[in-house]
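As stored in structure02.txt (compact mmCIF, C-alpha atoms):
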# COMPACT_ATOMS: atom_id res chain seq x y z
CA MET A 4 8.80 -10.93 67.95
CA CYS A 5 6.43 -9.79 70.71
CA PHE A 6 5.12 -12.35 73.18
CA LEU A 7 1.52 -12.35 71.85
CA THR A 8 2.67 -12.72 68.23
CA LYS A 9 4.95 -15.59 69.20
CA LEU A 10 2.16 -17.24 71.19
CA TRP A 11 -0.24 -16.90 68.23
CA PHE A 12 2.32 -18.42 65.84
CA MET A 13 2.99 -21.37 68.16
CA SER A 14 -0.73 -22.04 68.60
CA VAL A 15 -1.41 -22.06 64.84
CA VAL A 16 1.53 -24.36 64.17
CA SER A 17 0.56 -26.66 67.02
CA ILE A 18 -2.97 -26.96 65.64
CA ILE A 19 -1.60 -27.98 62.25
CA THR A 20 1.25 -30.23 63.33
CA CYS A 21 -0.04 -31.52 66.68
CA THR A 22 3.63 -31.66 67.77
CA PRO A 23 5.85 -29.41 69.90
CA LEU A 24 7.91 -26.77 68.13
CA TYR A 25 11.68 -27.03 68.01
CA ALA A 26 14.10 -24.46 66.69
CA GLY A 27 16.07 -25.45 63.62
CA GLU A 28 15.82 -26.05 59.93
CA SER A 29 13.44 -29.01 60.31
CA GLU A 30 10.55 -26.72 61.31
CA LEU A 31 9.49 -26.13 57.71
CA GLU A 32 9.39 -29.81 56.82
CA ARG A 33 7.50 -30.60 60.02
CA LEU A 34 5.01 -27.87 59.21
CA LYS A 35 4.53 -29.17 55.66
CA SER A 36 4.07 -32.73 56.89
CA GLY A 37 1.63 -31.65 59.58
CA PHE A 38 -0.44 -29.69 57.07
CA LYS A 39 -0.64 -32.67 54.70
CA ASN A 40 -1.72 -34.96 57.52
CA LYS A 41 -4.34 -32.46 58.67
CA ILE A 42 -5.79 -32.10 55.16
CA ASN A 43 -5.97 -35.89 54.79
CA SER A 44 -7.74 -36.26 58.15
CA VAL A 45 -10.28 -33.58 57.17
CA ILE A 46 -11.02 -35.03 53.73
CA GLU A 47 -11.02 -38.77 54.48
CA PRO A 48 -14.55 -38.80 56.02
CA LEU A 49 -15.86 -36.90 52.98
CA VAL A 50 -14.21 -39.42 50.65
CA LYS A 51 -15.79 -42.35 52.50
CA ARG A 52 -19.21 -40.73 52.32
CA HIS A 53 -18.68 -39.97 48.63
CA LYS A 54 -17.85 -43.62 47.89
CA ILE A 55 -20.99 -44.76 49.71
CA SER A 56 -23.10 -42.30 47.70
CA LEU A 57 -21.54 -43.50 44.44
CA LEU A 58 -22.21 -47.13 45.34
CA SER A 59 -25.82 -46.28 46.12
CA LEU A 60 -26.18 -44.44 42.79
CA GLU A 61 -24.60 -47.36 40.94
CA LYS A 62 -27.06 -49.84 42.49
CA SER A 63 -30.04 -47.62 41.71
CA LEU A 64 -28.99 -47.40 38.04
CA VAL A 65 -28.58 -51.18 37.84
CA LYS A 66 -32.10 -51.65 39.24
CA VAL A 67 -33.57 -49.68 36.34
CA SER A 68 -31.31 -51.57 33.86
CA ASN A 69 -29.25 -48.49 33.01
CA ILE A 70 -26.08 -50.54 32.80
CA GLU A 71 -24.04 -48.08 30.74
CA ASP A 72 -24.46 -45.27 33.27
CA ALA A 73 -23.94 -47.69 36.15
CA LEU A 74 -20.57 -48.67 34.69
CA LEU A 75 -19.55 -45.00 34.46
CA VAL A 76 -20.42 -44.54 38.13
CA ARG A 77 -18.48 -47.68 39.03
CA GLU A 78 -15.45 -46.40 37.10
CA GLU A 79 -15.58 -43.14 39.08
CA ARG A 80 -15.92 -45.05 42.36
CA LEU A 81 -13.07 -47.47 41.67
CA ARG A 82 -10.60 -44.75 40.69
CA ILE A 83 -10.82 -43.12 44.12
CA PRO A 84 -8.34 -45.43 45.97
CA GLU A 85 -5.77 -44.92 43.19
CA MET A 86 -5.76 -41.11 43.48
CA GLU A 87 -4.12 -38.64 45.81
CA ILE A 88 -6.91 -37.05 47.81
CA LEU A 89 -6.51 -33.56 46.32
CA ASP A 90 -6.27 -35.04 42.81
CA LEU A 91 -9.84 -36.31 43.20
CA ILE A 92 -11.22 -32.82 42.61
CA ASP A 93 -9.48 -32.28 39.27
CA SER A 94 -12.34 -33.24 36.96
CA ILE A 95 -16.11 -33.57 36.68
CA PRO A 96 -17.62 -36.37 34.55
CA GLU A 97 -19.79 -35.26 31.65
CA SER A 98 -22.41 -37.94 32.25
CA PRO A 99 -24.63 -39.30 33.62
CA GLU A 100 -26.16 -36.17 35.09
CA LYS A 101 -26.67 -37.72 38.54
CA LEU A 102 -22.99 -38.68 38.70
CA ARG A 103 -21.99 -35.21 37.56
CA SER A 104 -24.11 -33.63 40.31
CA GLN A 105 -22.71 -35.97 42.95
CA VAL A 106 -19.09 -35.22 41.99
CA GLN A 107 -19.75 -31.47 41.90
CA ARG A 108 -21.23 -31.65 45.40
CA PHE A 109 -18.24 -33.67 46.65
CA ASN A 110 -15.81 -31.15 45.13
CA ARG A 111 -17.55 -28.23 46.83
CA GLU A 112 -17.51 -30.02 50.18
CA VAL A 113 -13.81 -30.83 49.91
CA LEU A 114 -12.76 -27.36 48.81
CA SER A 115 -14.82 -25.71 51.52
CA ALA A 116 -13.40 -28.08 54.17
CA ILE A 117 -9.76 -27.44 53.29
CA ASN A 118 -10.11 -23.69 52.73
CA ILE A 119 -9.77 -22.85 56.42
CA TRP A 120 -6.70 -25.07 56.84
CA GLU A 121 -5.03 -23.61 53.79
CA LYS A 122 -5.40 -20.18 55.35
CA LYS A 123 -3.99 -21.44 58.66
CA TYR A 124 -1.05 -23.05 56.88
CA GLU A 125 -0.26 -19.87 54.96
CA GLN A 126 -0.44 -17.86 58.19
CA ALA A 127 1.87 -20.33 59.94
CA LEU A 128 4.37 -20.12 57.08
CA MET A 129 4.36 -16.33 57.19
CA GLY A 130 4.85 -16.41 60.94
CA LEU A 131 7.73 -18.85 60.59
CA GLU A 132 9.40 -16.70 57.94
CA TYR A 133 9.08 -13.63 60.15
CA ARG A 134 10.52 -15.42 63.19
CA LEU A 135 13.46 -16.92 61.28
CA THR A 136 14.24 -13.54 59.75
CA ARG A 137 14.26 -11.90 63.17
CA LEU A 138 16.62 -14.63 64.38
CA ASP A 139 18.89 -13.85 61.42
CA LYS A 140 18.42 -17.38 60.00
CA LEU A 141 18.15 -15.98 56.50
CA ASN A 142 18.76 -19.20 54.54
CA GLU A 143 15.96 -20.96 56.41
CA ALA A 144 13.72 -17.93 56.03
CA LEU A 145 14.35 -17.99 52.28
CA LEU A 146 13.26 -21.63 52.07
CA VAL A 147 10.02 -20.72 53.86
CA LYS A 148 9.48 -17.78 51.48
CA ILE A 149 9.88 -20.14 48.52
CA GLU A 150 7.33 -22.52 50.06
CA ILE A 151 4.87 -19.64 50.57
CA LYS A 152 5.18 -18.67 46.90
CA ARG A 153 4.80 -22.32 45.75
CA PHE A 154 1.79 -22.89 47.99
CA LYS A 155 -0.02 -19.72 46.89
CA GLU A 156 0.51 -20.59 43.23
CA GLU A 157 -0.72 -24.17 43.79
CA VAL A 158 -3.90 -23.04 45.55
CA SER A 159 -4.58 -20.33 42.97
CA LEU A 160 -4.03 -22.73 40.07
CA ARG A 161 -6.31 -25.37 41.55
CA ARG A 162 -9.09 -22.89 42.20
CA ASN A 163 -8.81 -21.41 38.71
CA GLN A 164 -8.65 -24.81 37.03
CA ASN A 165 -11.65 -26.01 38.99
CA GLY A 166 -13.47 -22.75 38.31
CA TYR A 167 -14.68 -22.45 41.91
CA GLY A 168 -13.04 -19.12 42.70
CA GLU A 169 -12.99 -17.90 46.25
CA ILE A 170 -16.38 -19.35 47.15
CA PHE A 171 -16.00 -22.50 45.05
CA SER A 172 -19.40 -22.07 43.44
CA LYS A 173 -18.79 -22.23 39.70
CA GLU A 174 -18.59 -25.34 37.57
CA GLN A 175 -15.20 -26.62 36.38
CA ARG A 176 -14.17 -27.18 32.79
CA ARG A 177 -13.09 -30.73 32.13
CA ASN A 178 -9.71 -31.48 30.61
CA PHE A 179 -10.35 -34.50 28.37
CA ALA A 180 -6.65 -34.96 27.55
CA LEU A 181 -5.84 -36.81 30.76
CA LYS A 182 -5.00 -40.48 31.22
CA ARG A 183 -7.42 -40.68 34.15
CA ASN A 184 -10.18 -39.44 31.82
CA GLY A 185 -9.49 -42.25 29.36
CA ALA A 186 -7.10 -40.51 26.96
CA SER A 187 -4.01 -42.23 25.54
CA ALA A 188 -0.92 -40.68 23.98
CA LYS A 189 1.77 -41.36 21.38
CA ALA A 190 5.22 -39.79 21.04
CA GLU A 191 8.75 -40.84 20.20
CA ARG A 192 9.80 -40.65 23.88
CA PHE A 193 7.82 -40.52 27.18
CA ALA A 194 4.36 -40.15 25.64
CA GLU A 195 2.67 -40.79 28.99
CA LEU A 196 3.92 -37.43 30.27
CA LEU A 197 1.71 -35.61 27.76
CA ILE A 198 -1.45 -36.60 29.66
CA ASP A 199 -0.41 -36.92 33.31
CA GLY A 200 -1.80 -33.53 34.32
CA LYS A 201 1.59 -32.21 35.43
CA THR A 202 3.32 -29.16 34.00
CA LYS A 203 6.29 -29.00 36.34
CA HIS A 204 9.44 -30.01 34.47
CA SER A 205 13.20 -29.61 34.53
CA LYS A 206 15.96 -29.50 31.96
CA PHE A 207 16.01 -33.28 31.69
CA SER A 208 12.60 -34.60 32.82
CA GLY A 209 8.86 -33.99 32.84
CA PHE A 210 8.25 -33.79 29.06
CA ALA A 211 7.73 -35.92 25.96
CA TRP A 212 10.14 -35.44 23.08
CA GLY A 213 11.46 -36.64 19.74
CA ASN A 214 13.86 -35.50 17.03
CA TYR A 215 11.95 -33.29 14.63
CA PRO A 216 9.98 -33.73 12.51
CA THR A 217 8.04 -35.72 15.10
CA ASP A 218 4.42 -36.30 16.15
CA PHE A 219 2.74 -35.98 19.54
CA GLU A 220 -0.75 -37.47 19.64
CA VAL A 221 -3.59 -37.64 22.14
CA ILE A 222 -6.38 -40.11 21.39
CA PHE A 223 -9.74 -40.00 23.14
CA PRO A 224 -11.68 -43.20 23.97
CA LYS A 225 -14.59 -41.86 21.90
CA THR A 226 -15.28 -38.78 19.82
CA THR A 227 -15.35 -35.83 22.20
CA ARG A 228 -16.78 -32.36 21.76
CA LEU A 229 -13.98 -29.82 22.10
CA GLU A 230 -13.56 -26.10 21.60
CA GLU A 231 -10.02 -25.46 22.83
CA ILE A 232 -6.63 -27.22 22.70
CA LYS A 233 -3.72 -26.06 24.84
CA PHE A 234 -0.22 -27.39 25.19
CA LEU A 235 2.98 -26.39 26.91
CA LEU A 236 6.24 -26.28 25.00
CA TRP A 237 9.36 -26.93 27.08
CA GLU A 238 10.51 -23.90 29.06
CA GLY A 239 14.02 -23.88 30.48
CA SER A 240 16.36 -21.61 32.38
CA GLU A 241 16.88 -17.93 31.72
CA ALA A 242 19.64 -18.87 29.28
CA ASP A 243 17.12 -20.92 27.29
CA LYS A 244 14.46 -18.19 27.05
CA PRO A 245 15.36 -17.21 23.45
CA ARG A 246 14.51 -20.80 22.36
CA THR A 247 11.52 -21.03 20.01
CA TYR A 248 9.63 -23.84 18.28
CA LEU A 249 7.79 -24.28 14.99
CA TYR A 250 4.80 -26.64 14.76
CA GLN A 251 1.47 -27.50 13.15
CA LEU A 252 -1.64 -28.61 15.02
CA TYR A 253 -4.04 -31.20 13.60
CA VAL A 254 -7.29 -32.87 14.68
CA GLN A 255 -8.95 -36.10 13.60
CA ARG A 256 -12.74 -36.06 13.68
CA LYS A 257 -13.28 -39.82 13.65
CA GLU A 258 -11.20 -42.95 14.07
CA ASP A 259 -8.92 -43.53 11.04
CA GLY A 260 -10.20 -40.26 9.56
CA GLU A 261 -8.13 -37.62 7.77
CA TRP A 262 -5.98 -35.25 9.78
CA GLU A 263 -7.17 -31.64 9.49
CA MET A 264 -4.77 -28.77 10.22
CA ILE A 265 -6.27 -26.16 12.55
CA ALA A 266 -3.14 -24.12 13.33
CA ASP A 267 0.01 -23.50 11.32
CA TYR A 268 3.01 -22.19 13.23
CA SER A 269 5.55 -23.56 10.77
CA LYS A 270 6.77 -20.00 10.12
CA ARG A 271 5.70 -18.30 13.35
CA PRO A 272 8.10 -18.93 16.25
CA ALA A 273 6.35 -20.03 19.43
CA LYS A 274 7.29 -20.76 23.04
CA GLY A 275 5.61 -21.60 26.34
CA TRP A 276 1.87 -22.20 26.51
CA GLN A 277 -0.03 -22.43 23.21
CA SER A 278 -3.81 -22.01 23.12
CA HIS A 279 -6.04 -22.65 20.10
CA LYS A 280 -9.81 -22.07 20.23
CA PHE A 281 -12.23 -23.15 17.49
CA PRO A 282 -15.97 -23.72 16.95
CA SER A 283 -17.15 -26.64 19.08
CA ALA A 284 -16.62 -29.91 17.20
CA GLU A 285 -16.50 -33.68 17.76
CA ILE A 286 -12.84 -34.75 17.88
CA LYS A 287 -11.32 -38.22 18.12
CA ALA A 288 -7.61 -37.32 18.29
CA ILE A 289 -5.15 -34.42 18.43
CA LYS A 290 -1.73 -34.28 16.78
CA ILE A 291 1.09 -31.79 17.16
CA LEU A 292 3.68 -32.01 14.40
CA GLY A 293 6.94 -30.72 15.83
CA ILE A 294 8.86 -29.08 12.99
CA PHE A 295 11.77 -27.14 14.46
CA ASN A 296 13.55 -26.07 17.65
CA SER A 297 15.97 -23.14 17.52
CA ALA A 298 18.23 -24.65 20.21
CA ASN A 299 18.76 -28.27 19.11
CA GLU A 300 17.33 -31.14 17.07
CA GLY A 301 14.72 -32.15 19.63
CA PHE A 302 11.09 -31.08 19.99
CA HIS A 303 9.70 -31.09 23.54
CA VAL A 304 6.09 -30.97 24.75
CA VAL A 305 5.35 -30.92 28.49
CA GLU A 306 1.55 -31.31 28.56
CA ILE A 307 -1.46 -31.32 26.23
CA GLU A 308 -4.91 -30.17 27.41
CA ALA A 309 -8.25 -30.35 25.62
CA TYR A 310 -11.50 -28.63 26.63
Transcribe the structure of this file into structure tokens.
Amino acid sequence: MCFLTKLWFMSVVSIITCTPLYAGESELERLKSGFKNKINSVIEPLVKRHKISLLSLEKSLVKVSNIEDALLVREERLRIPEMEILDLIDSIPESPEKLRSQVQRFNREVLSAINIWEKKYEQALMGLEYRLTRLDKLNEALLVKIEIKRFKEEVSLRRNQNGYGEIFSKEQRRNFALKRNGASAKAERFAELLIDGKTKHSKFSGFAWGNYPTDFEVIFPKTTRLEEIKFLLWEGSEADKPRTYLYQLYVQRKEDGEWEMIADYSKRPAKGWQSHKFPSAEIKAIKILGIFNSANEGFHVVEIEAY
């Protein structure tokens, strides 16, 4: 590595980590930790200001006796300390409109603030991979390459899910099938994993399951207007790729109402992500009836999403 390139790499890493560089396999972990700390330090002032704005909005709504909207604002404000900072930008409330506008503004500020540091982190990772490769530390360089791939996918997914794109200007779709948005879930085993917002899973964890036939349900706190239901069927190793599932998808329009089938895959093998769009309708609950798994007697669902 030429002197100027090395100097540039060290300066970028030092800005992120605020610590001296040392050779060795701990460089990647130190870089990751430094990036996380930097992001937190950048966002924390925005979070504090956001909480103050929410409190002010809550008080103004109380003054005009709009108690219902004030309680929604309070719920948004009180959930902040319980969330990881980056998880705060995962959803936008439907109402009241003033709360929606405030959260959208906060999301744009956060995403714009961290954009520059994400670019610096990616550059530092690429520089570290290059240096380790030149030093013939191929195992360490491979770990850095894996982190680069993971990081790029994470950033891309967050931007796509939030609908902000490169300039973070478009409005996000809200996933109503999340515990933090008030949804609840039922399943034979590990129902809470259906609505935790996480799709990463392994051979033995990260999914809800039951012996088929078995139900997986998501219940909304009130009837909710939806137009798309998505869910992820368990995906395993390369050896498991031939595995397929059979299922039926139902919706319930009101509490204790009849279940209506909207998709029948009882004879059409399916795997991976499933997406079902339909004319916008008020829905109270979703049910997946797991019918069959070509590999064993279990039926496994990683995550359910509703838009």
Identify, on the basis of all atoms listed in the file, every residue whose closest approach to segment 271-276 of chain A does not exceed 6 Å; exclude the query and any residue fewer than 5 positions from it along the same chain; express the result as a short mmCIF file (atom, residue, chain, number, x, y, z; two decimals) with C-alpha atoms, in the coordinates of the input.
data_model
loop_
_atom_site.label_atom_id
_atom_site.label_comp_id
_atom_site.auth_asym_id
_atom_site.auth_seq_id
_atom_site.Cartn_x
_atom_site.Cartn_y
_atom_site.Cartn_z
CA PHE A 234 -0.22 -27.39 25.19
CA LEU A 235 2.98 -26.39 26.91
CA LEU A 236 6.24 -26.28 25.00
CA THR A 247 11.52 -21.03 20.01
CA TYR A 248 9.63 -23.84 18.28
CA LEU A 249 7.79 -24.28 14.99
#
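Distances here use only C-alpha atoms; by that measure, the residue among A:Gly37, A:Gly260, A:Gly213, A:Pro96 closest to Arg177 of chain A is A:Pro96.
Checking A:Gln107, A:Asn118, A:Ser297, A:Gln126 one by one against Leu34 of chain A, counting all atoms listed in the file, you find the shortest gap at A:Gln126.
Here the question is which of A:Ser63, A:Glu258, A:Arg77, A:Glu306 gets nearest to Glu195 of chain A using only C-alpha atoms, and that residue is A:Glu306.
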* Structure fact -> In Å and to one decimal, atom CA of Leu252 of chain A is distant from atom CA of Ser269 of chain A by 9.8 Å
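Atom pair atom CA of Val65 of chain A / atom CA of Arg103 of chain A has a distance of 17.3 Å (rounded to one decimal).
We find atom CA of Leu146 of chain A and atom CA of Tyr124 of chain A to be spaced 15.2 Å apart.
Nearest to Asn184 of chain A of all the residues A:Asn43, A:Thr217, A:Asn142, A:Thr227 is A:Thr227, based on all atoms listed in the file.
Here the question is which of A:Lys155, A:Lys201, A:Lys182, A:Lys54 gets nearest to Val305 of chain A using only C-alpha atoms, and that residue is A:Lys201.
Nearest-residue note for Val221 of chain A: choosing from A:Leu160, A:Gly239, A:Glu143, A:Glu308, the minimum distance belongs to A:Glu308, counting all atoms listed in the file.
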* Selection near Leu75 of chain A, 9 Å with all atoms listed in the file, sequence-local residues under 2 positions removed, as a list of chain:residue names -> A:Glu61, A:Ile70, A:Glu71, A:Asp72, A:Ala73, A:Arg77, A:Glu78, A:Glu79, A:Arg80, A:Pro96, A:Ser98, A:Pro99, A:Leu102
* Sel. within 9 Å of pt (-13.7, -29.2, 13.4), counting all atoms listed in the file, output as JSON, numbers by chain -> {"A": [229, 230, 254, 255, 256, 263, 265, 281, 282, 283, 284, 285, 286]}
Residues just named, written with C-alpha atoms as a PDB file, in the frame of the given file:
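Result file result_9.pdb:
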ATOM      1  CA  LEU A 229     -13.980 -29.820  22.100  1.00  0.00           C
ATOM      2  CA  GLU A 230     -13.560 -26.100  21.600  1.00  0.00           C
ATOM      3  CA  VAL A 254      -7.290 -32.870  14.680  1.00  0.00           C
ATOM      4  CA  GLN A 255      -8.950 -36.100  13.600  1.00  0.00           C
ATOM      5  CA  ARG A 256     -12.740 -36.060  13.680  1.00  0.00           C
ATOM      6  CA  GLU A 263      -7.170 -31.640   9.490  1.00  0.00           C
ATOM      7  CA  ILE A 265      -6.270 -26.160  12.550  1.00  0.00           C
ATOM      8  CA  PHE A 281     -12.230 -23.150  17.490  1.00  0.00           C
ATOM      9  CA  PRO A 282     -15.970 -23.720  16.950  1.00  0.00           C
ATOM     10  CA  SER A 283     -17.150 -26.640  19.080  1.00  0.00           C
ATOM     11  CA  ALA A 284     -16.620 -29.910  17.200  1.00  0.00           C
ATOM     12  CA  GLU A 285     -16.500 -33.680  17.760  1.00  0.00           C
ATOM     13  CA  ILE A 286     -12.840 -34.750  17.880  1.00  0.00           C
TER      14      ILE A 286
END
Kindly list the centre and edge lengths in Å, rounded to one decimal, for the axis-aligned box that covers all listed atoms of segment 201-205 of chain A plus 5 Å on each of its six sides, as JSON.
{"center_x": 7.4, "center_y": -30.6, "center_z": 35.2, "size_x": 21.6, "size_y": 13.2, "size_z": 12.3}
